[in-house]
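For reference, run11.cif is printed below; it contains mmCIF, C-alpha atoms.
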```cif
data_coords
#
loop_
_atom_site.group_PDB
_atom_site.id
_atom_site.type_symbol
_atom_site.label_atom_id
_atom_site.label_comp_id
_atom_site.auth_asym_id
_atom_site.auth_seq_id
_atom_site.Cartn_x
_atom_site.Cartn_y
_atom_site.Cartn_z
ATOM 1 C CA MET A 1 -57.300 29.186 89.272
ATOM 2 C CA ASP A 2 -59.317 26.034 89.642
ATOM 3 C CA ASN A 3 -58.850 24.133 92.945
ATOM 4 C CA ARG A 4 -58.435 20.920 91.002
ATOM 5 C CA GLN A 5 -55.413 22.407 89.254
ATOM 6 C CA ALA A 6 -53.860 23.486 92.569
ATOM 7 C CA ILE A 7 -54.309 20.043 94.107
ATOM 8 C CA GLY A 8 -52.964 18.253 91.068
ATOM 9 C CA SER A 9 -54.279 15.541 88.884
ATOM 10 C CA TRP A 10 -54.314 12.006 90.208
ATOM 11 C CA LEU A 11 -52.663 11.008 86.933
ATOM 12 C CA SER A 12 -49.806 13.482 86.829
ATOM 13 C CA GLY A 13 -49.415 14.189 90.527
ATOM 14 C CA PRO A 14 -48.888 17.417 92.418
ATOM 15 C CA ARG A 15 -45.310 17.926 91.173
ATOM 16 C CA ALA A 16 -46.388 18.073 87.528
ATOM 17 C CA THR A 17 -49.111 20.551 88.411
ATOM 18 C CA ALA A 18 -46.673 22.690 90.396
ATOM 19 C CA GLU A 19 -44.260 22.683 87.445
ATOM 20 C CA GLU A 20 -47.098 23.733 85.115
ATOM 21 C CA MET A 21 -47.726 26.634 87.496
ATOM 22 C CA GLY A 22 -44.102 27.761 87.064
ATOM 23 C CA ILE A 23 -42.392 26.265 90.118
ATOM 24 C CA ASP A 24 -38.858 25.094 89.271
ATOM 25 C CA PHE A 25 -37.626 22.085 91.241
ATOM 26 C CA GLY A 26 -34.335 21.925 89.350
ATOM 27 C CA HIS A 27 -32.859 18.762 87.901
ATOM 28 C CA PRO A 28 -32.274 15.566 89.894
ATOM 29 C CA GLY A 29 -28.979 15.910 91.749
ATOM 30 C CA GLU A 30 -28.814 19.694 91.532
ATOM 31 C CA ARG A 31 -29.020 20.024 95.331
ATOM 32 C CA LEU A 32 -26.073 17.588 95.533
ATOM 33 C CA GLY A 33 -23.998 19.608 93.067
ATOM 34 C CA LEU A 34 -24.297 17.021 90.300
ATOM 35 C CA PRO A 35 -24.685 17.854 86.597
ATOM 36 C CA ARG A 36 -28.004 17.596 84.759
ATOM 37 C CA SER A 37 -26.781 14.932 82.320
ATOM 38 C CA GLY A 38 -23.729 12.994 81.262
ATOM 39 C CA PRO A 39 -21.026 11.508 83.505
ATOM 40 C CA GLY A 40 -21.588 12.253 87.178
ATOM 41 C CA SER A 41 -25.325 12.872 86.798
ATOM 42 C CA VAL A 42 -27.882 10.980 88.880
ATOM 43 C CA ALA A 43 -28.708 7.586 87.391
ATOM 44 C CA ARG A 44 -32.306 7.197 86.299
ATOM 45 C CA PHE A 45 -34.628 4.503 87.642
ATOM 46 C CA GLY A 46 -34.637 2.391 84.475
ATOM 47 C CA ARG A 47 -30.871 1.947 84.477
ATOM 48 C CA ARG A 48 -30.786 1.203 88.193
ATOM 49 C CA LEU A 49 -33.540 -1.411 87.829
ATOM 50 C CA GLY A 50 -31.754 -2.944 84.844
ATOM 51 C CA ALA A 51 -28.530 -3.218 86.857
ATOM 52 C CA VAL A 52 -30.345 -5.002 89.696
ATOM 53 C CA MET A 53 -31.885 -7.430 87.216
ATOM 54 C CA ILE A 54 -28.492 -8.133 85.615
ATOM 55 C CA ASP A 55 -27.031 -8.830 89.082
ATOM 56 C CA TRP A 56 -30.021 -10.885 90.262
ATOM 57 C CA LEU A 57 -30.092 -13.341 87.358
ATOM 58 C CA PRO A 58 -26.646 -14.967 87.904
ATOM 59 C CA CYS A 59 -27.309 -15.106 91.658
ATOM 60 C CA GLN A 60 -30.549 -16.925 90.941
ATOM 61 C CA LEU A 61 -28.924 -19.332 88.489
ATOM 62 C CA ILE A 62 -26.133 -20.155 90.948
ATOM 63 C CA ALA A 63 -28.591 -20.640 93.801
ATOM 64 C CA TYR A 64 -30.956 -22.794 91.772
ATOM 65 C CA GLY A 65 -28.438 -24.869 89.859
ATOM 66 C CA LEU A 66 -25.369 -25.157 92.059
ATOM 67 C CA ILE A 67 -26.444 -24.671 95.659
ATOM 68 C CA THR A 68 -29.984 -26.049 95.950
ATOM 69 C CA HIS A 69 -29.818 -28.384 92.932
ATOM 70 C CA GLY A 70 -33.229 -27.308 91.700
ATOM 71 C CA ASN A 71 -35.048 -26.919 95.033
ATOM 72 C CA LEU A 72 -37.297 -23.901 94.443
ATOM 73 C CA GLN A 73 -38.264 -23.536 98.111
ATOM 74 C CA THR A 74 -34.750 -22.646 99.231
ATOM 75 C CA ALA A 75 -33.410 -21.126 96.001
ATOM 76 C CA GLY A 76 -35.062 -17.759 96.730
ATOM 77 C CA ASN A 77 -33.328 -17.354 100.085
ATOM 78 C CA TRP A 78 -29.983 -18.357 98.613
ATOM 79 C CA THR A 79 -30.499 -15.938 95.707
ATOM 80 C CA LEU A 80 -31.075 -13.068 98.099
ATOM 81 C CA GLY A 81 -28.044 -14.065 100.172
ATOM 82 C CA LEU A 82 -25.810 -14.241 97.097
ATOM 83 C CA PHE A 83 -27.147 -10.887 95.868
ATOM 84 C CA VAL A 84 -26.396 -9.247 99.239
ATOM 85 C CA ALA A 85 -22.879 -10.751 99.304
ATOM 86 C CA LEU A 86 -22.229 -9.660 95.693
ATOM 87 C CA SER A 87 -23.417 -6.126 96.410
ATOM 88 C CA ILE A 88 -21.420 -5.710 99.618
ATOM 89 C CA LEU A 89 -18.221 -7.102 98.102
ATOM 90 C CA THR A 90 -18.327 -5.236 94.810
ATOM 91 C CA VAL A 91 -19.804 -1.893 95.854
ATOM 92 C CA GLY A 92 -17.560 -1.948 98.939
ATOM 93 C CA THR A 93 -14.415 -2.451 96.882
ATOM 94 C CA VAL A 94 -14.842 -0.947 93.399
ATOM 95 C CA GLY A 95 -18.049 1.087 93.795
ATOM 96 C CA PHE A 96 -20.273 -0.893 91.443
ATOM 97 C CA THR A 97 -21.761 -4.324 90.899
ATOM 98 C CA PRO A 98 -21.283 -6.122 87.574
ATOM 99 C CA GLY A 99 -24.758 -4.978 86.486
ATOM 100 C CA LYS A 100 -24.024 -1.366 87.388
ATOM 101 C CA ARG A 101 -20.728 -1.524 85.498
ATOM 102 C CA ILE A 102 -22.394 -2.970 82.393
ATOM 103 C CA LEU A 103 -24.953 -0.148 82.421
ATOM 104 C CA GLY A 104 -22.395 2.547 83.270
ATOM 105 C CA LEU A 105 -23.305 3.299 86.889
ATOM 106 C CA ARG A 106 -21.330 3.788 90.090
ATOM 107 C CA VAL A 107 -22.326 4.229 93.737
ATOM 108 C CA ILE A 108 -20.582 7.135 95.463
ATOM 109 C CA GLY A 109 -21.017 9.072 98.675
ATOM 110 C CA GLN A 110 -23.100 12.206 98.322
ATOM 111 C CA ASP A 111 -19.888 14.124 99.066
ATOM 112 C CA GLY A 112 -18.368 12.586 95.917
ATOM 113 C CA GLY A 113 -16.075 10.123 97.711
ATOM 114 C CA ARG A 114 -16.228 6.391 98.251
ATOM 115 C CA LEU A 115 -18.658 4.806 100.655
ATOM 116 C CA GLY A 116 -17.213 3.261 103.773
ATOM 117 C CA PHE A 117 -17.791 -0.421 104.473
ATOM 118 C CA LEU A 118 -20.509 0.155 107.114
ATOM 119 C CA ARG A 119 -22.449 2.469 104.813
ATOM 120 C CA VAL A 120 -22.231 -0.110 102.007
ATOM 121 C CA VAL A 121 -23.548 -2.824 104.348
ATOM 122 C CA ALA A 122 -26.403 -0.598 105.576
ATOM 123 C CA ARG A 123 -27.303 0.409 102.008
ATOM 124 C CA THR A 124 -27.280 -3.202 100.799
ATOM 125 C CA LEU A 125 -29.374 -4.522 103.679
ATOM 126 C CA LEU A 126 -31.954 -1.783 103.085
ATOM 127 C CA LEU A 127 -31.918 -2.609 99.366
ATOM 128 C CA ALA A 128 -32.598 -6.265 100.218
ATOM 129 C CA LEU A 129 -35.781 -5.150 101.996
ATOM 130 C CA VAL A 130 -36.961 -3.758 98.599
ATOM 131 C CA ILE A 131 -39.409 -1.139 99.956
ATOM 132 C CA PRO A 132 -36.733 1.487 100.799
ATOM 133 C CA ALA A 133 -35.495 1.259 97.207
ATOM 134 C CA LEU A 134 -38.990 2.096 95.923
ATOM 135 C CA VAL A 135 -39.281 5.324 97.939
ATOM 136 C CA TRP A 136 -37.424 8.188 96.240
ATOM 137 C CA ASP A 137 -36.518 11.742 97.112
ATOM 138 C CA ARG A 138 -36.699 14.564 94.603
ATOM 139 C CA ASP A 139 -33.135 13.859 93.482
ATOM 140 C CA GLY A 140 -34.198 10.375 92.361
ATOM 141 C CA ARG A 141 -32.341 8.601 95.156
ATOM 142 C CA GLY A 142 -33.909 5.616 96.827
ATOM 143 C CA PHE A 143 -34.415 5.749 100.593
ATOM 144 C CA HIS A 144 -31.655 3.132 100.979
ATOM 145 C CA ASP A 145 -29.209 5.480 99.213
ATOM 146 C CA ARG A 146 -30.378 8.508 101.134
ATOM 147 C CA LEU A 147 -29.968 6.816 104.531
ATOM 148 C CA ALA A 148 -26.501 5.581 103.557
ATOM 149 C CA GLY A 149 -25.494 9.015 102.236
ATOM 150 C CA ALA A 150 -25.009 7.536 98.766
ATOM 151 C CA VAL A 151 -25.999 8.425 95.228
ATOM 152 C CA GLN A 152 -25.880 6.335 92.052
ATOM 153 C CA VAL A 153 -24.322 8.262 89.190
ATOM 154 C CA ARG A 154 -23.579 7.646 85.555
ATOM 155 C CA ILE A 155 -19.959 6.894 84.686
#
```
Take the structure from the file and write it as structure tokens.
Amino acid sequence: MDNRQAIGSWLSGPRATAEEMGIDFGHPGERLGLPRSGPGSVARFGRRLGAVMIDWLPCQLIAYGLITHGNLQTAGNWTLGLFVALSILTVGTVGFTPGKRILGLRVIGQDGGRLGFLRVVARTLLLALVIPALVWDRDGRGFHDRLAGAVQVRI
């Protein structure tokens, strides 16, 4: 075996190389007892990103048009504040934001139950920092979900 193959290609990464060598990591969510696909499976990144974008746009329009009356300097802060409030209120009560609902996603505890209010607040504040949401575990969960004991699943 070539050492370059063992280290992994900088394009595909070490996981792809390990999988080519026959190592089975299982499907995302398998360690959490979730199915490979269909309802209850771990939501993929594209859907999660789409849901955030769907939620962000109305928050931005409200902040820009109704609250700051076109002041771009303060509209960004208000947008983030509205997004945090929307996320805490909706995920804390029904388990999804409007964007998540439109794209067929729900936030649940990794035990399958609902998230408590404090875990929803912690998850949302970490999401607002952006970076924790860009760091994933092998189940496809963002660091904000992992710390809050949450997982985003398909409905």
Task: Explicit residue set for the PyMOL selection byres ((chain A and resi 115-130) around 8), as number ranges by chain - done: A: 80, 84, 87-88, 91-92, 95, 107-109, 113-114, 131-134, 144-145, 147-150
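Candidate residues A:Ala43, A:Ala63, A:Asp137, A:Ser37 were compared for distance to A:Gly81, and the nearest is A:Ala63, using all atoms listed in the file.
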Residues within 12 Å of (-28.8, -6.7, 89.3), file coordinates, counting only C-alpha atoms: what are they? Give the list as an mmCIF file with C-alpha atoms, in the frame of the given file.
```cif
data_model
loop_
_atom_site.group_PDB
_atom_site.id
_atom_site.type_symbol
_atom_site.label_atom_id
_atom_site.label_comp_id
_atom_site.auth_asym_id
_atom_site.auth_seq_id
_atom_site.Cartn_x
_atom_site.Cartn_y
_atom_site.Cartn_z
ATOM 1 C CA GLY A 46 -34.637 2.391 84.475
ATOM 2 C CA ARG A 47 -30.871 1.947 84.477
ATOM 3 C CA ARG A 48 -30.786 1.203 88.193
ATOM 4 C CA LEU A 49 -33.540 -1.411 87.829
ATOM 5 C CA GLY A 50 -31.754 -2.944 84.844
ATOM 6 C CA ALA A 51 -28.530 -3.218 86.857
ATOM 7 C CA VAL A 52 -30.345 -5.002 89.696
ATOM 8 C CA MET A 53 -31.885 -7.430 87.216
ATOM 9 C CA ILE A 54 -28.492 -8.133 85.615
ATOM 10 C CA ASP A 55 -27.031 -8.830 89.082
ATOM 11 C CA TRP A 56 -30.021 -10.885 90.262
ATOM 12 C CA LEU A 57 -30.092 -13.341 87.358
ATOM 13 C CA PRO A 58 -26.646 -14.967 87.904
ATOM 14 C CA CYS A 59 -27.309 -15.106 91.658
ATOM 15 C CA GLN A 60 -30.549 -16.925 90.941
ATOM 16 C CA THR A 79 -30.499 -15.938 95.707
ATOM 17 C CA LEU A 80 -31.075 -13.068 98.099
ATOM 18 C CA LEU A 82 -25.810 -14.241 97.097
ATOM 19 C CA PHE A 83 -27.147 -10.887 95.868
ATOM 20 C CA VAL A 84 -26.396 -9.247 99.239
ATOM 21 C CA LEU A 86 -22.229 -9.660 95.693
ATOM 22 C CA SER A 87 -23.417 -6.126 96.410
ATOM 23 C CA THR A 90 -18.327 -5.236 94.810
ATOM 24 C CA PHE A 96 -20.273 -0.893 91.443
ATOM 25 C CA THR A 97 -21.761 -4.324 90.899
ATOM 26 C CA PRO A 98 -21.283 -6.122 87.574
ATOM 27 C CA GLY A 99 -24.758 -4.978 86.486
ATOM 28 C CA LYS A 100 -24.024 -1.366 87.388
ATOM 29 C CA ARG A 101 -20.728 -1.524 85.498
ATOM 30 C CA ILE A 102 -22.394 -2.970 82.393
ATOM 31 C CA LEU A 103 -24.953 -0.148 82.421
ATOM 32 C CA LEU A 105 -23.305 3.299 86.889
ATOM 33 C CA LEU A 127 -31.918 -2.609 99.366
ATOM 34 C CA ALA A 128 -32.598 -6.265 100.218
#
```
For stretch 61-74 of chain A, I'd like the enclosing box, axis-aligned and padded by 4 Å on every side, reported as lines of an AutoDock Vina configuration file with centre and edge lengths in Å to one decimal.
```
center_x = -31.8
center_y = -23.9
center_z = 93.9
size_x = 20.9
size_y = 17.1
size_z = 18.7
```
Taking the file as I've supplied it (selection: the PyMOL selection byres ((chain A and resi 38) around 12)), which residues are included? Please answer as a PDB file with C-alpha atoms, in the coordinates of the input.
```pdb
ATOM      1  CA  LEU A  34     -24.297  17.021  90.300  1.00  0.00           C
ATOM      2  CA  PRO A  35     -24.685  17.854  86.597  1.00  0.00           C
ATOM      3  CA  ARG A  36     -28.004  17.596  84.759  1.00  0.00           C
ATOM      4  CA  SER A  37     -26.781  14.932  82.320  1.00  0.00           C
ATOM      5  CA  PRO A  39     -21.026  11.508  83.505  1.00  0.00           C
ATOM      6  CA  GLY A  40     -21.588  12.253  87.178  1.00  0.00           C
ATOM      7  CA  SER A  41     -25.325  12.872  86.798  1.00  0.00           C
ATOM      8  CA  VAL A  42     -27.882  10.980  88.880  1.00  0.00           C
ATOM      9  CA  ALA A  43     -28.708   7.586  87.391  1.00  0.00           C
ATOM     10  CA  ARG A  44     -32.306   7.197  86.299  1.00  0.00           C
ATOM     11  CA  GLY A 104     -22.395   2.547  83.270  1.00  0.00           C
ATOM     12  CA  LEU A 105     -23.305   3.299  86.889  1.00  0.00           C
ATOM     13  CA  VAL A 153     -24.322   8.262  89.190  1.00  0.00           C
ATOM     14  CA  ARG A 154     -23.579   7.646  85.555  1.00  0.00           C
ATOM     15  CA  ILE A 155     -19.959   6.894  84.686  1.00  0.00           C
TER      16      ILE A 155
END
```
TODO: Would you work out the distance separating atom CA of A:Gly29 from atom CA of A:Val94, expressed in Å to one decimal?
DONE: 22.1 Å
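The two atoms in question, atom CA of A:Ile62 and atom CA of A:Val151, are spaced 28.9 Å apart.
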Which residues are near A:Leu32? Cut-off 9 Å, all atoms listed in the file, ignore same chain within fewer than 5 positions. Put them as a PDB file with C-alpha atoms, in the coordinates of the input.
```pdb
ATOM      1  CA  GLN A 110     -23.100  12.206  98.322  1.00  0.00           C
ATOM      2  CA  ASP A 111     -19.888  14.124  99.066  1.00  0.00           C
ATOM      3  CA  ASP A 139     -33.135  13.859  93.482  1.00  0.00           C
TER       4      ASP A 139
END
```
